[in-house]
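Below: one structure, written as structure tokens.
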Amino acid sequence: MAERTVVIIGATGSIGTQTLDVLKRLKDFKLVGFTYHTNGELAERIAKEFNVKDFVSTFEDPEEAVRLVENKKPDITLVAVPGFVSLRITLGVIPNTKRIALASKEALVCGGWLVRERLKKFKTELVPVDSEHSAIFRIFDENVTRIALTASGGALRDWNVEDIKDATIDDVLSHPVWRMGKRVTVDSATMVNKVFEVFEAMEIFDLSRDAIDVFMHREGIVHGMVYLKDGTVKMNAFKADMRIPIAYSLTHPDVVLDFQEPKLSILTFEDVDLERYPLFSKSFEIHDSYALRTAFNAADEVAVEAFLKGKIKFWDIVEIVERTLSMFEKGEPRDLKDLEEIDERAREIAGDMV
Ligand code: NDP
Ligand code: MG
């Protein structure tokens, strides 16, 4: 195999460091650059270990990430930064890389059509990193009529609905299946993460909302499924280890690394309980509006940050997101600038509520 060059956007995070772990085990892939945001100490260590000279902080300016990719023109750019800013970075790097390995679901949630147009224009390939989408990507073909994503239910899945309202930061961050960044862990407990993933799947697989099912699947072993028209359902199962989808996003279509298979036992699939996860209903209500999807993401970003700083209670996230959304209309954003305006306005509104 010819050597492939890789740039990681967000190398100091949960996905970023797991990608480094994968790269250590892969031959023929070379890290040629990366970004970090605030963790300069870890960035220095990574640079030394991987012998990389080109690493930049995005703290002053997210365009640093775009310029890095412009300079390095890597075969693969893995984008793993949380939040709306990932849209601008993803759009910015598409022209200068052959493949985007995309972890940042927010880019597709807010500006899916812009990302798709740009991928097409520059003939850049997108391979998902998110576990559910990676699972489906690997079993998707032209006979697929519908898909299903699975959800763990997050840290509070077994709590009384009444008690959930007062859950503490520590409670919410004790995820039963995955070790992830803080925002996505809180978003798992509200199922906002699954709303995002439904929109992400609509974009990646070009499906309508009603062609996507979501099941609670406590065991965290089946990550995605596809339905074929002859009544068969194919499921893709693997251990809840993000390094498996990360490795695939780099090596696709080849499977290169060895990982342990999952321990198979009883597997359960249940419908999502809307009383426990009221925000999951947004996946039905706002899927057809990029304006509302962007406002939803912004309000959630602000609310989750406030919760993690101890400024609001867990259940206030639900109220802040719902009330912020109620102030927006479906609208027809035309470009990144329109989305940035919506993002900013939603942040202000949600910030005032905090
Ligand atoms: P983390 O919070 O662990 O890491 C975030 C990374 O992005 C760090 O390198 C951080 O830098 C950098 N960063 C933070 N804020 C900004 C910003 N405003 N601009 C540019 N860079 C920034 O997040 P995760 O790795 O968990 O998640 C990254 C993305 O991947 C998210 O979109 C998430 O939804 C998605 N994802 C994550 C999964 C997981 O298992 N963790 C699973 C599926 C999807 P620094 O630390 O130096 O400040
Ligand atoms: Mg996921």
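As shown in the structure tokens, the chain order sets the letters A, B, ...; within each chain, residues go from 1, and ligands are also counted from 1 in the order they appear.
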List all protein, DNA and RNA residues that have any atom at most 6 Å from ligand 1, counting only C-alpha atoms and all ligand atoms, and write the list as a PyMOL selection string. chain A and resi 10-16+36-39+58+62+80-83+103-106+130+180-182+184+242
Mind dumping the selected residues with C-alpha atoms as an mmCIF file, in the first residue's frame?
```
data_model
loop_
_atom_site.group_PDB
_atom_site.id
_atom_site.type_symbol
_atom_site.label_atom_id
_atom_site.label_comp_id
_atom_site.auth_asym_id
_atom_site.auth_seq_id
_atom_site.Cartn_x
_atom_site.Cartn_y
_atom_site.Cartn_z
ATOM 1 C CA GLY A 10 -8.832 18.145 17.237
ATOM 2 C CA ALA A 11 -5.976 15.740 17.990
ATOM 3 C CA THR A 12 -6.050 16.418 21.746
ATOM 4 C CA GLY A 13 -9.649 15.238 22.249
ATOM 5 C CA SER A 14 -11.256 11.873 22.878
ATOM 6 C CA ILE A 15 -11.551 10.930 19.181
ATOM 7 C CA GLY A 16 -8.252 12.662 18.377
ATOM 8 C CA TYR A 36 -5.421 21.469 19.141
ATOM 9 C CA HIS A 37 -7.472 24.145 20.867
ATOM 10 C CA THR A 38 -6.224 24.770 24.409
ATOM 11 C CA ASN A 39 -4.135 21.777 25.427
ATOM 12 C CA THR A 58 -7.411 26.932 16.623
ATOM 13 C CA PRO A 62 -10.521 28.297 13.413
ATOM 14 C CA ALA A 80 -13.074 15.707 15.410
ATOM 15 C CA VAL A 81 -13.929 19.026 17.023
ATOM 16 C CA PRO A 82 -17.233 19.559 18.797
ATOM 17 C CA GLY A 83 -19.822 22.148 17.859
ATOM 18 C CA ALA A 103 -16.541 12.601 13.568
ATOM 19 C CA SER A 104 -18.045 16.072 13.962
ATOM 20 C CA LYS A 105 -21.727 15.377 13.419
ATOM 21 C CA GLU A 106 -22.643 19.024 14.037
ATOM 22 C CA ASP A 130 -19.496 8.035 14.339
ATOM 23 C CA MET A 180 -16.257 10.372 25.230
ATOM 24 C CA GLY A 181 -15.898 14.152 25.353
ATOM 25 C CA LYS A 182 -18.165 15.898 27.863
ATOM 26 C CA VAL A 184 -21.434 14.282 23.604
ATOM 27 C CA MET A 242 -14.275 3.897 18.899
#
```
I'd like a table as JSON lines: residues in chain A with an atom no more than 7 Å from ligand 2, each row giving the shortest atom pair and its distance in Å to one decimal, only C-alpha atoms and all ligand atoms counted, sorted by chain and rising residue number.
```
{"residue": "A:Asp130", "atom": "CA", "partner": "ligand 2", "partner_atom_place_in_ligand_line": "1 (Mg)", "distance": 4.6}
{"residue": "A:Ser131", "atom": "CA", "partner": "ligand 2", "partner_atom_place_in_ligand_line": "1 (Mg)", "distance": 4.9}
{"residue": "A:Glu132", "atom": "CA", "partner": "ligand 2", "partner_atom_place_in_ligand_line": "1 (Mg)", "distance": 5.3}
{"residue": "A:Glu197", "atom": "CA", "partner": "ligand 2", "partner_atom_place_in_ligand_line": "1 (Mg)", "distance": 6.7}
```
So that I can check the surroundings of Lys121 (chain A), please list as a compact mmCIF listing (two decimals) with all heavy atoms, in the first residue's frame every protein, DNA and RNA residue that reaches within 10 Å of it, counting only C-alpha atoms and ignoring chain neighbours fewer than 6 positions away.
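For reference, out29.txt as written:
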```
# COMPACT_ATOMS: atom_id res chain seq x y z
N ILE A 94 -12.38 20.68 2.76
CA ILE A 94 -12.79 19.76 1.68
C ILE A 94 -11.98 19.94 0.38
O ILE A 94 -11.57 18.94 -0.22
CB ILE A 94 -14.32 19.87 1.41
CG1 ILE A 94 -15.09 19.20 2.53
CG2 ILE A 94 -14.69 19.25 0.06
CD1 ILE A 94 -16.60 19.37 2.48
N PRO A 95 -11.71 21.18 -0.07
CA PRO A 95 -11.00 21.31 -1.35
C PRO A 95 -9.57 20.75 -1.34
O PRO A 95 -9.01 20.50 -2.40
CB PRO A 95 -10.96 22.83 -1.58
CG PRO A 95 -12.04 23.39 -0.73
CD PRO A 95 -12.15 22.48 0.44
N VAL A 115 -22.18 20.87 2.93
CA VAL A 115 -21.10 19.87 2.94
C VAL A 115 -21.23 18.95 1.73
O VAL A 115 -20.26 18.68 1.02
CB VAL A 115 -21.11 19.05 4.26
CG1 VAL A 115 -20.06 17.94 4.22
CG2 VAL A 115 -20.88 19.96 5.46
```
Cut-off 8 Å: closest region 172-204 of chain A/region 137-159 of chain A atom pairs per residue, using only C-alpha atoms, as CSV:
```
residue,atom,partner,partner_atom,distance
A:Val172,CA,A:Ala155,CA,5.4
A:Leu173,CA,A:Ala155,CA,6.8
A:Ser174,CA,A:Ala155,CA,5.5
A:His175,CA,A:Ala155,CA,4.5
A:Pro176,CA,A:Ala155,CA,5.8
A:Val177,CA,A:Ser152,CA,7.1
A:Thr185,CA,A:Gly154,CA,7.3
A:Val186,CA,A:Gly154,CA,7.9
A:Ser188,CA,A:Gly154,CA,4.8
A:Ala189,CA,A:Gly154,CA,4.2
A:Thr190,CA,A:Gly154,CA,7.5
A:Met191,CA,A:Gly153,CA,6.9
A:Lys194,CA,A:Ala151,CA,6.9
A:Val198,CA,A:Leu149,CA,7.8
```
So, with only C-alpha atoms as the atoms that count, which of A:Ala237, A:Ile136, A:Glu41, A:Glu200 lies closest to Ser265 (chain A)?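 The shortest atom-to-atom distance to Ser265 (chain A) comes from A:Ala237.
Of the residues listed (A:Asp206, A:Asp300, A:Glu305, A:Asp352), A:Asp300 shows the shortest atom-to-atom separation from Leu325 (chain A); distances use only C-alpha atoms.
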Set the distance at 12 Å and use only C-alpha atoms: which residues neighbour Met353 (chain A) once local chain neighbours fewer than 2 positions away are removed? I'd like the list as an MDAnalysis selection string. chainID A and resid 299 302:303 306 311:312 316:324 346:351
Can you tell me, as number ranges by chain, which residues in region 47-82 of chain A count as helix (DSSP H, G or I) by DSSP? A: 47-50, 63-72
With the cut-off set at 7 Å and counting only C-alpha atoms, tabulate each residue of region 109-196 of chain A with an atom at most that distance from an atom of region 273-296 of chain A, showing the nearest atom pair and its distance in Å to one decimal, ordered by chain and increasing number, as JSON lines.
```
{"residue": "A:Val109", "atom": "CA", "partner": "A:Arg293", "partner_atom": "CA", "distance": 6.3}
{"residue": "A:Cys110", "atom": "CA", "partner": "A:Thr294", "partner_atom": "CA", "distance": 4.7}
{"residue": "A:Gly111", "atom": "CA", "partner": "A:Tyr290", "partner_atom": "CA", "distance": 6.6}
{"residue": "A:Val161", "atom": "CA", "partner": "A:Arg276", "partner_atom": "CA", "distance": 5.9}
{"residue": "A:Thr190", "atom": "CA", "partner": "A:Tyr277", "partner_atom": "CA", "distance": 5.7}
{"residue": "A:Met191", "atom": "CA", "partner": "A:Phe280", "partner_atom": "CA", "distance": 5.8}
{"residue": "A:Val192", "atom": "CA", "partner": "A:Phe280", "partner_atom": "CA", "distance": 6.2}
{"residue": "A:Val195", "atom": "CA", "partner": "A:Ser283", "partner_atom": "CA", "distance": 5.0}
```
List the spatial neighbours of Val6 (chain A) as number ranges by chain - criterion: any atom at most 6 Å away, only C-alpha atoms, same-chain residues fewer than 5 positions off excluded. A: 30-32, 74, 76-77
Write out, as a CSV table (one decimal), in the first residue's frame, the residues just selected, with all heavy atoms.
```csv
chain,number,residue,atom,x,y,z
A,30,LYS,N,0.8,8.2,7.7
A,30,LYS,CA,1.7,9.1,8.4
A,30,LYS,C,1.0,10.4,8.8
A,30,LYS,O,0.4,11.0,8.0
A,30,LYS,CB,2.9,9.4,7.4
A,30,LYS,CG,3.8,10.4,8.1
A,30,LYS,CD,5.2,10.4,7.5
A,30,LYS,CE,6.1,11.4,8.1
A,30,LYS,NZ,6.0,11.5,9.6
A,31,LEU,N,1.0,10.7,10.1
A,31,LEU,CA,0.5,11.9,10.6
A,31,LEU,C,1.4,13.1,10.1
A,31,LEU,O,2.6,13.1,10.4
A,31,LEU,CB,0.4,11.9,12.1
A,31,LEU,CG,-0.3,13.1,12.8
A,31,LEU,CD1,-1.8,13.1,12.5
A,31,LEU,CD2,-0.1,13.1,14.3
A,32,VAL,N,0.8,14.0,9.4
A,32,VAL,CA,1.7,15.1,8.9
A,32,VAL,C,1.3,16.5,9.5
A,32,VAL,O,2.0,17.5,9.2
A,32,VAL,CB,1.6,15.2,7.3
A,32,VAL,CG1,2.3,14.0,6.7
A,32,VAL,CG2,0.2,15.4,6.8
A,74,PRO,N,-3.4,16.7,2.7
A,74,PRO,CA,-3.3,15.3,3.1
A,74,PRO,C,-4.3,14.4,2.4
A,74,PRO,O,-5.3,14.9,1.9
A,74,PRO,CB,-3.7,15.4,4.6
A,74,PRO,CG,-4.6,16.6,4.7
A,74,PRO,CD,-4.1,17.6,3.7
A,76,ILE,N,-6.0,12.2,3.9
A,76,ILE,CA,-7.1,12.0,4.8
A,76,ILE,C,-7.1,13.2,5.8
A,76,ILE,O,-6.0,13.4,6.4
A,76,ILE,CB,-7.1,10.7,5.5
A,76,ILE,CG1,-7.1,9.5,4.5
A,76,ILE,CG2,-8.3,10.6,6.4
A,76,ILE,CD1,-6.8,8.2,5.1
A,77,THR,N,-8.2,13.8,6.0
A,77,THR,CA,-8.3,14.8,7.1
A,77,THR,C,-9.4,14.3,8.1
A,77,THR,O,-10.6,14.1,7.7
A,77,THR,CB,-8.7,16.2,6.6
A,77,THR,OG1,-7.7,16.6,5.6
A,77,THR,CG2,-8.8,17.2,7.7
```
Could you tell me which of A:Asn297, A:Asn71, A:Asn193, A:Ser57 comes closest to Val93 (chain A) if we count only C-alpha atoms?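 Using only C-alpha atoms, Val93 (chain A) sits closest to A:Asn71.
Proximity to Trp113 (chain A) was assessed for A:Leu68, A:Arg45, A:Asp335, A:Lys309 counting only C-alpha atoms; the smallest distance is recorded for A:Asp335.
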Quick check, in Å to one decimal: how far apart do CA of Glu261 (chain A) and CA of Ile246 (chain A) lie?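 Those two atoms sit 15.8 Å apart.
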Can you tell me, as number ranges by chain, what residues are no more than 12 Å from Leu91 (chain A) when counting only C-alpha atoms, ignoring any on the same chain fewer than 6 positions away? A: 62-63, 65-66, 69, 77, 79, 84-85, 97, 100, 102, 107-108, 110-122, 124, 126, 335-336
Filtered DSSP result for region 223-264 of chain A, state strand (DSSP E), as a list in words: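 Residues of region 223-264 of chain A classed as strand (DSSP E): His223, Gly224, Met225, Val226, Tyr227, Leu228, Val233, Lys234, Met235, Asn236 and Ala237 of chain A.
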